[in-house]
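**Q** Sharing final.cif below, mmCIF, all heavy atoms:
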```cif
data_coords
#
loop_
_atom_site.label_atom_id
_atom_site.label_comp_id
_atom_site.auth_asym_id
_atom_site.auth_seq_id
_atom_site.Cartn_x
_atom_site.Cartn_y
_atom_site.Cartn_z
N MET A 70 -2.29 -76.46 -16.08
CA MET A 70 -1.43 -75.61 -15.28
C MET A 70 0.03 -76.03 -15.49
O MET A 70 0.34 -77.20 -15.63
CB MET A 70 -1.81 -75.76 -13.81
CG MET A 70 -1.12 -74.79 -12.93
SD MET A 70 -1.90 -74.83 -11.30
CE MET A 70 -0.70 -73.94 -10.40
N ASN A 71 0.91 -75.06 -15.50
CA ASN A 71 2.33 -75.33 -15.74
C ASN A 71 3.00 -75.91 -14.51
O ASN A 71 2.56 -75.71 -13.38
CB ASN A 71 3.06 -74.05 -16.15
CG ASN A 71 2.57 -73.53 -17.48
OD1 ASN A 71 2.09 -74.30 -18.30
ND2 ASN A 71 2.69 -72.23 -17.68
N GLN A 72 4.09 -76.62 -14.76
CA GLN A 72 4.88 -77.18 -13.66
C GLN A 72 5.65 -76.06 -12.94
O GLN A 72 6.03 -75.07 -13.55
CB GLN A 72 5.90 -78.19 -14.22
CG GLN A 72 5.28 -79.42 -14.79
CD GLN A 72 4.78 -80.37 -13.70
OE1 GLN A 72 5.13 -80.23 -12.54
NE2 GLN A 72 3.95 -81.30 -14.09
N VAL A 73 5.87 -76.26 -11.67
CA VAL A 73 6.65 -75.30 -10.89
C VAL A 73 8.12 -75.51 -11.21
O VAL A 73 8.62 -76.63 -11.20
CB VAL A 73 6.41 -75.49 -9.37
CG1 VAL A 73 7.31 -74.60 -8.57
CG2 VAL A 73 4.96 -75.24 -9.03
N LYS A 74 8.83 -74.44 -11.50
CA LYS A 74 10.28 -74.49 -11.73
C LYS A 74 10.95 -74.27 -10.39
O LYS A 74 11.21 -73.14 -9.98
CB LYS A 74 10.70 -73.43 -12.75
CG LYS A 74 9.92 -73.44 -14.06
CD LYS A 74 10.10 -74.73 -14.82
CE LYS A 74 9.48 -74.63 -16.18
NZ LYS A 74 8.45 -75.56 -16.46
N TRP A 75 11.22 -75.37 -9.67
CA TRP A 75 11.72 -75.28 -8.30
C TRP A 75 13.02 -74.50 -8.17
O TRP A 75 13.14 -73.69 -7.23
CB TRP A 75 11.84 -76.67 -7.69
CG TRP A 75 10.50 -77.29 -7.45
CD1 TRP A 75 9.90 -78.27 -8.18
CD2 TRP A 75 9.56 -76.91 -6.44
NE1 TRP A 75 8.65 -78.54 -7.68
CE2 TRP A 75 8.42 -77.71 -6.61
CE3 TRP A 75 9.58 -75.98 -5.42
CZ2 TRP A 75 7.31 -77.62 -5.79
CZ3 TRP A 75 8.47 -75.88 -4.60
CH2 TRP A 75 7.35 -76.69 -4.77
N PRO A 76 14.02 -74.70 -9.04
CA PRO A 76 15.26 -73.92 -8.87
C PRO A 76 15.00 -72.41 -8.96
O PRO A 76 15.56 -71.63 -8.18
CB PRO A 76 16.15 -74.38 -10.02
CG PRO A 76 15.62 -75.73 -10.39
CD PRO A 76 14.16 -75.68 -10.12
N LEU A 77 14.14 -72.00 -9.88
CA LEU A 77 13.85 -70.57 -10.02
C LEU A 77 13.08 -70.04 -8.82
O LEU A 77 13.32 -68.91 -8.38
CB LEU A 77 13.07 -70.32 -11.31
CG LEU A 77 13.78 -70.73 -12.61
CD1 LEU A 77 12.89 -70.45 -13.81
CD2 LEU A 77 15.11 -70.03 -12.75
N LEU A 78 12.19 -70.85 -8.27
CA LEU A 78 11.45 -70.45 -7.07
C LEU A 78 12.40 -70.27 -5.88
O LEU A 78 12.29 -69.31 -5.13
CB LEU A 78 10.37 -71.47 -6.74
CG LEU A 78 9.55 -71.19 -5.48
CD1 LEU A 78 8.76 -69.90 -5.63
CD2 LEU A 78 8.62 -72.36 -5.19
N ILE A 79 13.34 -71.19 -5.74
CA ILE A 79 14.30 -71.09 -4.64
C ILE A 79 15.16 -69.84 -4.77
O ILE A 79 15.40 -69.12 -3.80
CB ILE A 79 15.16 -72.37 -4.57
CG1 ILE A 79 14.28 -73.55 -4.13
CG2 ILE A 79 16.34 -72.19 -3.63
CD1 ILE A 79 14.93 -74.89 -4.26
N TYR A 80 15.62 -69.56 -6.01
CA TYR A 80 16.41 -68.34 -6.22
C TYR A 80 15.59 -67.09 -5.90
O TYR A 80 16.12 -66.14 -5.32
CB TYR A 80 16.93 -68.26 -7.65
CG TYR A 80 18.10 -69.19 -7.92
CD1 TYR A 80 18.11 -70.02 -9.02
CD2 TYR A 80 19.22 -69.21 -7.09
CE1 TYR A 80 19.18 -70.87 -9.28
CE2 TYR A 80 20.28 -70.04 -7.33
CZ TYR A 80 20.26 -70.87 -8.43
OH TYR A 80 21.31 -71.70 -8.68
N ALA A 81 14.31 -67.09 -6.27
CA ALA A 81 13.47 -65.93 -5.98
C ALA A 81 13.29 -65.73 -4.48
O ALA A 81 13.34 -64.59 -3.99
CB ALA A 81 12.11 -66.10 -6.66
N ILE A 82 13.10 -66.82 -3.75
CA ILE A 82 12.94 -66.71 -2.29
C ILE A 82 14.22 -66.23 -1.64
O ILE A 82 14.20 -65.38 -0.74
CB ILE A 82 12.49 -68.07 -1.71
CG1 ILE A 82 11.05 -68.37 -2.16
CG2 ILE A 82 12.58 -68.07 -0.19
CD1 ILE A 82 10.58 -69.78 -1.85
N LEU A 83 15.37 -66.74 -2.10
CA LEU A 83 16.65 -66.30 -1.55
C LEU A 83 16.91 -64.82 -1.85
O LEU A 83 17.43 -64.09 -0.99
CB LEU A 83 17.79 -67.15 -2.10
CG LEU A 83 17.86 -68.60 -1.59
CD1 LEU A 83 18.94 -69.36 -2.33
CD2 LEU A 83 18.12 -68.62 -0.10
N ALA A 84 16.55 -64.39 -3.06
CA ALA A 84 16.74 -62.97 -3.40
C ALA A 84 15.86 -62.08 -2.53
O ALA A 84 16.30 -61.04 -2.03
CB ALA A 84 16.45 -62.75 -4.87
N ALA A 85 14.61 -62.51 -2.32
CA ALA A 85 13.70 -61.73 -1.47
C ALA A 85 14.22 -61.68 -0.03
O ALA A 85 14.17 -60.63 0.62
CB ALA A 85 12.30 -62.32 -1.51
N ALA A 86 14.75 -62.80 0.45
CA ALA A 86 15.31 -62.82 1.81
C ALA A 86 16.52 -61.90 1.91
O ALA A 86 16.71 -61.23 2.94
CB ALA A 86 15.70 -64.25 2.19
N SER A 87 17.32 -61.83 0.87
CA SER A 87 18.48 -60.94 0.88
C SER A 87 18.06 -59.48 0.88
O SER A 87 18.67 -58.65 1.55
CB SER A 87 19.38 -61.23 -0.33
OG SER A 87 19.87 -62.54 -0.28
N ILE A 88 17.00 -59.17 0.15
CA ILE A 88 16.48 -57.80 0.13
C ILE A 88 15.93 -57.44 1.51
O ILE A 88 16.13 -56.32 2.00
CB ILE A 88 15.42 -57.64 -0.98
CG1 ILE A 88 16.09 -57.76 -2.35
CG2 ILE A 88 14.70 -56.30 -0.84
CD1 ILE A 88 15.14 -57.85 -3.51
N ILE A 89 15.26 -58.38 2.15
CA ILE A 89 14.79 -58.16 3.52
C ILE A 89 15.98 -57.94 4.45
O ILE A 89 15.94 -57.09 5.34
CB ILE A 89 13.93 -59.35 3.99
CG1 ILE A 89 12.61 -59.39 3.20
CG2 ILE A 89 13.66 -59.29 5.48
CD1 ILE A 89 11.82 -60.66 3.38
N GLY A 90 17.06 -58.69 4.21
CA GLY A 90 18.27 -58.54 5.02
C GLY A 90 18.86 -57.15 4.91
O GLY A 90 19.41 -56.62 5.89
N ILE A 91 18.74 -56.54 3.74
CA ILE A 91 19.22 -55.16 3.58
C ILE A 91 18.45 -54.24 4.51
O ILE A 91 19.04 -53.40 5.21
CB ILE A 91 19.09 -54.69 2.11
CG1 ILE A 91 20.01 -55.50 1.21
CG2 ILE A 91 19.40 -53.20 1.99
CD1 ILE A 91 19.77 -55.26 -0.28
N GLY A 92 17.14 -54.39 4.53
CA GLY A 92 16.32 -53.54 5.40
C GLY A 92 16.62 -53.75 6.87
O GLY A 92 16.69 -52.79 7.64
N ILE A 93 16.82 -55.00 7.25
CA ILE A 93 17.14 -55.29 8.65
C ILE A 93 18.50 -54.71 9.03
O ILE A 93 18.67 -54.13 10.11
CB ILE A 93 17.10 -56.81 8.90
CG1 ILE A 93 15.66 -57.31 8.78
CG2 ILE A 93 17.68 -57.16 10.26
CD1 ILE A 93 15.52 -58.81 8.78
N ALA A 94 19.47 -54.85 8.11
CA ALA A 94 20.81 -54.31 8.39
C ALA A 94 20.78 -52.79 8.50
O ALA A 94 21.46 -52.22 9.36
CB ALA A 94 21.78 -54.75 7.29
N ILE A 95 19.99 -52.15 7.66
CA ILE A 95 19.89 -50.69 7.74
C ILE A 95 19.25 -50.26 9.05
O ILE A 95 19.70 -49.32 9.71
CB ILE A 95 19.12 -50.13 6.52
CG1 ILE A 95 19.97 -50.29 5.26
CG2 ILE A 95 18.73 -48.67 6.73
CD1 ILE A 95 19.26 -49.95 3.97
N SER A 96 18.19 -50.99 9.46
CA SER A 96 17.53 -50.62 10.71
C SER A 96 18.42 -50.87 11.92
O SER A 96 18.29 -50.20 12.94
CB SER A 96 16.21 -51.38 10.87
OG SER A 96 16.45 -52.75 11.07
N ALA A 97 19.33 -51.85 11.80
CA ALA A 97 20.26 -52.14 12.88
C ALA A 97 21.53 -51.29 12.78
O ALA A 97 22.43 -51.44 13.60
CB ALA A 97 20.64 -53.62 12.86
N LYS A 98 21.59 -50.43 11.76
CA LYS A 98 22.73 -49.55 11.51
C LYS A 98 24.02 -50.35 11.34
O LYS A 98 25.07 -49.98 11.85
CB LYS A 98 22.88 -48.51 12.62
CG LYS A 98 21.68 -47.60 12.71
CD LYS A 98 21.82 -46.59 13.81
CE LYS A 98 20.56 -45.74 13.88
NZ LYS A 98 20.59 -44.81 15.00
N SER A 99 23.91 -51.45 10.60
CA SER A 99 25.05 -52.32 10.34
C SER A 99 25.47 -52.18 8.88
O SER A 99 24.82 -52.73 7.98
CB SER A 99 24.68 -53.78 10.63
OG SER A 99 25.70 -54.64 10.19
N ILE A 100 26.53 -51.44 8.65
CA ILE A 100 27.02 -51.25 7.28
C ILE A 100 27.53 -52.57 6.71
O ILE A 100 27.27 -52.89 5.55
CB ILE A 100 28.11 -50.17 7.24
CG1 ILE A 100 27.50 -48.82 7.61
CG2 ILE A 100 28.78 -50.12 5.88
CD1 ILE A 100 28.47 -47.69 7.70
N PHE A 101 28.22 -53.36 7.53
CA PHE A 101 28.73 -54.65 7.08
C PHE A 101 27.59 -55.57 6.65
O PHE A 101 27.65 -56.21 5.60
CB PHE A 101 29.55 -55.32 8.19
CG PHE A 101 30.06 -56.68 7.81
CD1 PHE A 101 31.10 -56.81 6.90
CD2 PHE A 101 29.49 -57.82 8.36
CE1 PHE A 101 31.56 -58.07 6.54
CE2 PHE A 101 29.95 -59.07 8.02
CZ PHE A 101 30.99 -59.20 7.10
N GLY A 102 26.52 -55.62 7.44
CA GLY A 102 25.36 -56.46 7.10
C GLY A 102 24.70 -56.00 5.83
O GLY A 102 24.26 -56.83 5.01
N ALA A 103 24.61 -54.70 5.61
CA ALA A 103 23.99 -54.17 4.40
C ALA A 103 24.84 -54.53 3.17
O ALA A 103 24.29 -54.93 2.14
CB ALA A 103 23.82 -52.66 4.51
N ILE A 104 26.14 -54.41 3.29
CA ILE A 104 27.02 -54.74 2.17
C ILE A 104 26.95 -56.22 1.84
O ILE A 104 26.85 -56.60 0.66
CB ILE A 104 28.47 -54.30 2.47
CG1 ILE A 104 28.55 -52.77 2.50
CG2 ILE A 104 29.44 -54.87 1.46
CD1 ILE A 104 29.87 -52.23 3.00
N VAL A 105 26.95 -57.07 2.86
CA VAL A 105 26.84 -58.51 2.64
C VAL A 105 25.50 -58.85 1.99
O VAL A 105 25.44 -59.67 1.06
CB VAL A 105 27.02 -59.28 3.97
CG1 VAL A 105 26.66 -60.75 3.81
CG2 VAL A 105 28.45 -59.14 4.47
N SER A 106 24.44 -58.21 2.42
CA SER A 106 23.12 -58.47 1.85
C SER A 106 23.03 -58.01 0.40
O SER A 106 22.43 -58.68 -0.44
CB SER A 106 22.03 -57.79 2.68
OG SER A 106 21.96 -58.36 3.96
N ILE A 107 23.63 -56.87 0.09
CA ILE A 107 23.64 -56.38 -1.28
C ILE A 107 24.42 -57.34 -2.18
O ILE A 107 23.97 -57.67 -3.28
CB ILE A 107 24.22 -54.95 -1.35
CG1 ILE A 107 23.25 -53.97 -0.71
CG2 ILE A 107 24.50 -54.55 -2.80
CD1 ILE A 107 23.82 -52.58 -0.49
N LEU A 108 25.56 -57.80 -1.70
CA LEU A 108 26.34 -58.78 -2.48
C LEU A 108 25.54 -60.08 -2.67
O LEU A 108 25.58 -60.68 -3.74
CB LEU A 108 27.66 -59.07 -1.79
CG LEU A 108 28.70 -57.96 -1.84
CD1 LEU A 108 29.92 -58.34 -1.00
CD2 LEU A 108 29.10 -57.66 -3.26
N ALA A 109 24.83 -60.49 -1.63
CA ALA A 109 24.02 -61.70 -1.74
C ALA A 109 22.92 -61.54 -2.79
O ALA A 109 22.67 -62.47 -3.57
CB ALA A 109 23.41 -62.05 -0.38
N VAL A 110 22.29 -60.38 -2.83
CA VAL A 110 21.25 -60.14 -3.84
C VAL A 110 21.84 -60.23 -5.24
O VAL A 110 21.28 -60.88 -6.13
CB VAL A 110 20.58 -58.75 -3.64
CG1 VAL A 110 19.70 -58.38 -4.82
CG2 VAL A 110 19.77 -58.73 -2.37
N VAL A 111 22.98 -59.60 -5.45
CA VAL A 111 23.60 -59.60 -6.77
C VAL A 111 23.98 -61.03 -7.18
O VAL A 111 23.71 -61.46 -8.31
CB VAL A 111 24.84 -58.67 -6.79
CG1 VAL A 111 25.63 -58.83 -8.07
CG2 VAL A 111 24.41 -57.22 -6.59
N ILE A 112 24.56 -61.77 -6.27
CA ILE A 112 25.00 -63.14 -6.58
C ILE A 112 23.80 -64.05 -6.84
O ILE A 112 23.77 -64.78 -7.84
CB ILE A 112 25.88 -63.69 -5.45
CG1 ILE A 112 27.21 -62.95 -5.43
CG2 ILE A 112 26.11 -65.19 -5.60
CD1 ILE A 112 28.05 -63.21 -4.19
N VAL A 113 22.81 -64.01 -5.97
CA VAL A 113 21.66 -64.90 -6.12
C VAL A 113 20.88 -64.57 -7.39
O VAL A 113 20.47 -65.47 -8.13
CB VAL A 113 20.75 -64.81 -4.87
CG1 VAL A 113 19.42 -65.51 -5.10
CG2 VAL A 113 21.46 -65.41 -3.67
N MET A 114 20.66 -63.29 -7.66
CA MET A 114 19.92 -62.93 -8.87
C MET A 114 20.71 -63.30 -10.13
O MET A 114 20.13 -63.76 -11.12
CB MET A 114 19.55 -61.44 -8.86
CG MET A 114 18.48 -61.13 -7.84
SD MET A 114 17.89 -59.45 -7.91
CE MET A 114 16.95 -59.50 -9.41
N GLY A 115 22.02 -63.11 -10.08
CA GLY A 115 22.84 -63.52 -11.22
C GLY A 115 22.76 -65.00 -11.47
O GLY A 115 22.64 -65.45 -12.62
N MET A 116 22.81 -65.79 -10.40
CA MET A 116 22.69 -67.24 -10.55
C MET A 116 21.32 -67.63 -11.07
O MET A 116 21.18 -68.55 -11.88
CB MET A 116 22.97 -67.93 -9.22
CG MET A 116 24.42 -67.85 -8.79
SD MET A 116 24.73 -68.45 -7.11
CE MET A 116 24.07 -70.09 -7.18
N GLY A 117 20.29 -66.93 -10.62
CA GLY A 117 18.93 -67.19 -11.10
C GLY A 117 18.78 -66.91 -12.58
O GLY A 117 18.19 -67.72 -13.33
N PHE A 118 19.30 -65.78 -13.05
CA PHE A 118 19.23 -65.46 -14.47
C PHE A 118 20.04 -66.44 -15.30
O PHE A 118 19.63 -66.83 -16.40
CB PHE A 118 19.71 -64.03 -14.73
CG PHE A 118 18.71 -62.99 -14.32
CD1 PHE A 118 19.09 -61.94 -13.50
CD2 PHE A 118 17.40 -63.03 -14.76
CE1 PHE A 118 18.20 -60.97 -13.12
CE2 PHE A 118 16.48 -62.06 -14.39
CZ PHE A 118 16.88 -61.02 -13.56
N LYS A 119 21.18 -66.85 -14.78
CA LYS A 119 22.02 -67.83 -15.48
C LYS A 119 21.29 -69.17 -15.61
O LYS A 119 21.30 -69.80 -16.67
CB LYS A 119 23.33 -68.00 -14.72
CG LYS A 119 24.34 -68.85 -15.42
CD LYS A 119 25.64 -68.87 -14.61
CE LYS A 119 26.68 -69.75 -15.26
NZ LYS A 119 27.92 -69.77 -14.48
N THR A 120 20.65 -69.60 -14.52
CA THR A 120 19.90 -70.85 -14.54
C THR A 120 18.72 -70.76 -15.51
O THR A 120 18.45 -71.71 -16.26
CB THR A 120 19.39 -71.18 -13.12
OG1 THR A 120 20.51 -71.28 -12.25
CG2 THR A 120 18.62 -72.48 -13.11
N LYS A 121 18.04 -69.63 -15.52
CA LYS A 121 16.91 -69.46 -16.42
C LYS A 121 17.36 -69.52 -17.88
O LYS A 121 16.70 -70.12 -18.72
CB LYS A 121 16.19 -68.14 -16.14
CG LYS A 121 14.94 -67.96 -16.96
CD LYS A 121 14.18 -66.73 -16.54
CE LYS A 121 12.92 -66.59 -17.37
NZ LYS A 121 12.16 -65.41 -16.98
N ARG A 122 18.50 -68.91 -18.18
CA ARG A 122 19.02 -68.95 -19.54
C ARG A 122 19.35 -70.37 -19.96
O ARG A 122 19.00 -70.80 -21.06
CB ARG A 122 20.26 -68.07 -19.67
CG ARG A 122 20.79 -68.00 -21.11
CD ARG A 122 22.08 -67.23 -21.21
NE ARG A 122 23.11 -68.03 -20.57
CZ ARG A 122 24.21 -67.53 -20.01
NH1 ARG A 122 24.42 -66.24 -20.01
NH2 ARG A 122 25.09 -68.31 -19.45
N LYS A 123 19.98 -71.15 -19.06
CA LYS A 123 20.31 -72.54 -19.37
C LYS A 123 19.04 -73.36 -19.57
O LYS A 123 18.98 -74.21 -20.47
CB LYS A 123 21.16 -73.16 -18.26
CG LYS A 123 22.58 -72.68 -18.27
CD LYS A 123 23.39 -73.38 -17.19
CE LYS A 123 24.82 -72.88 -17.17
NZ LYS A 123 25.62 -73.55 -16.13
N MET A 124 18.04 -73.13 -18.74
CA MET A 124 16.78 -73.87 -18.88
C MET A 124 16.10 -73.53 -20.20
O MET A 124 15.51 -74.40 -20.85
CB MET A 124 15.86 -73.58 -17.69
CG MET A 124 16.36 -74.18 -16.39
SD MET A 124 15.34 -73.71 -14.97
CE MET A 124 13.94 -74.81 -15.21
N ARG A 125 16.16 -72.25 -20.58
CA ARG A 125 15.56 -71.84 -21.86
C ARG A 125 16.28 -72.47 -23.03
O ARG A 125 15.66 -72.91 -24.00
CB ARG A 125 15.58 -70.32 -21.97
CG ARG A 125 14.83 -69.80 -23.19
CD ARG A 125 14.82 -68.29 -23.30
NE ARG A 125 14.14 -67.69 -22.17
CZ ARG A 125 14.63 -66.70 -21.42
NH1 ARG A 125 15.82 -66.19 -21.70
NH2 ARG A 125 13.96 -66.20 -20.43
N GLU A 126 17.62 -72.53 -22.98
CA GLU A 126 18.40 -73.13 -24.05
C GLU A 126 18.14 -74.63 -24.17
O GLU A 126 18.18 -75.18 -25.27
CB GLU A 126 19.89 -72.88 -23.83
CG GLU A 126 20.31 -71.45 -24.04
CD GLU A 126 21.75 -71.18 -23.64
OE1 GLU A 126 22.42 -72.09 -23.07
OE2 GLU A 126 22.23 -70.06 -23.88
N ASN A 127 17.84 -75.29 -23.03
CA ASN A 127 17.56 -76.73 -23.05
C ASN A 127 16.10 -77.04 -23.35
O ASN A 127 15.71 -78.20 -23.38
CB ASN A 127 17.95 -77.36 -21.71
CG ASN A 127 19.46 -77.35 -21.50
OD1 ASN A 127 20.22 -77.31 -22.45
ND2 ASN A 127 19.86 -77.37 -20.24
N GLY A 128 15.27 -76.01 -23.53
CA GLY A 128 13.87 -76.20 -23.85
C GLY A 128 13.01 -76.59 -22.65
O GLY A 128 11.92 -77.11 -22.83
N GLU A 129 13.48 -76.34 -21.45
CA GLU A 129 12.73 -76.67 -20.25
C GLU A 129 11.72 -75.59 -19.87
O GLU A 129 10.84 -75.83 -19.05
CB GLU A 129 13.69 -76.92 -19.09
CG GLU A 129 14.62 -78.09 -19.32
CD GLU A 129 15.66 -78.23 -18.22
OE1 GLU A 129 15.50 -77.60 -17.16
OE2 GLU A 129 16.63 -78.98 -18.43
N ILE A 130 11.86 -74.42 -20.47
CA ILE A 130 10.93 -73.31 -20.19
C ILE A 130 10.13 -73.04 -21.44
O ILE A 130 10.61 -72.97 -22.52
CB ILE A 130 11.67 -72.05 -19.72
CG1 ILE A 130 12.30 -72.29 -18.37
CG2 ILE A 130 10.72 -70.88 -19.66
CD1 ILE A 130 13.02 -71.11 -17.77
#
```
Show how you would write the structure in this file as structure tokens.

**A**
Amino acid sequence: MNQVKWPLLIYAILAAASIIGIGIAISAKSIFGAIVSILAVVIVMGMGFKTKRKMRENGEI
């Protein structure tokens, strides 16, 4: 069995939480909360892809 890539798992959990935050903000009719959650998704996923690329270049994946 392969080793768990903890940084990638953390980024995935944070991205999922941000997506959940979008739904909560929409249900609460909070435009500010929805915008913040959308920005959080973009930032977290970007950081996750960047980390995955670095890990691939270093031969860790």

**Q** Which residue gives the smallest distance to Ala94 (chain A) among A:Arg125, A:Gly117, A:Ser106, A:Pro76, with all atoms listed in the file counted?

**A**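 Selected residue with least distance to Ala94 (chain A): A:Ser106.
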
**Q** For the alpha helix (DSSP H) assignment from backbone DSSP, which residues of chain A qualify? Please present them as a PyMOL selection string.

**A** chain A and resi 75-96+100-126

**Q** Where does the PyMOL selection byres ((chain A and resi 77) around 6) land in this file, that is, which residues does it pick, as a ChimeraX atom specification?

**A** /A:74-76,78-82,117-118,120-121,124,130

**Q** Measuring between only C-alpha atoms, which one of A:Val73, A:Ala109, A:Ala103, A:Met114 shows the shortest distance to Ser87 (chain A)?

**A**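 Answer, going by the shortest atom-to-atom distance: A:Ala109.
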
**Q** Find the residue from A:Gly128, A:Met116, A:Val110, A:Ile100 that sits nearest to Ala84 (chain A); use all heavy atoms when measuring.

**A**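 Among A:Gly128, A:Met116, A:Val110, A:Ile100, it is A:Val110 that comes nearest to Ala84 (chain A).
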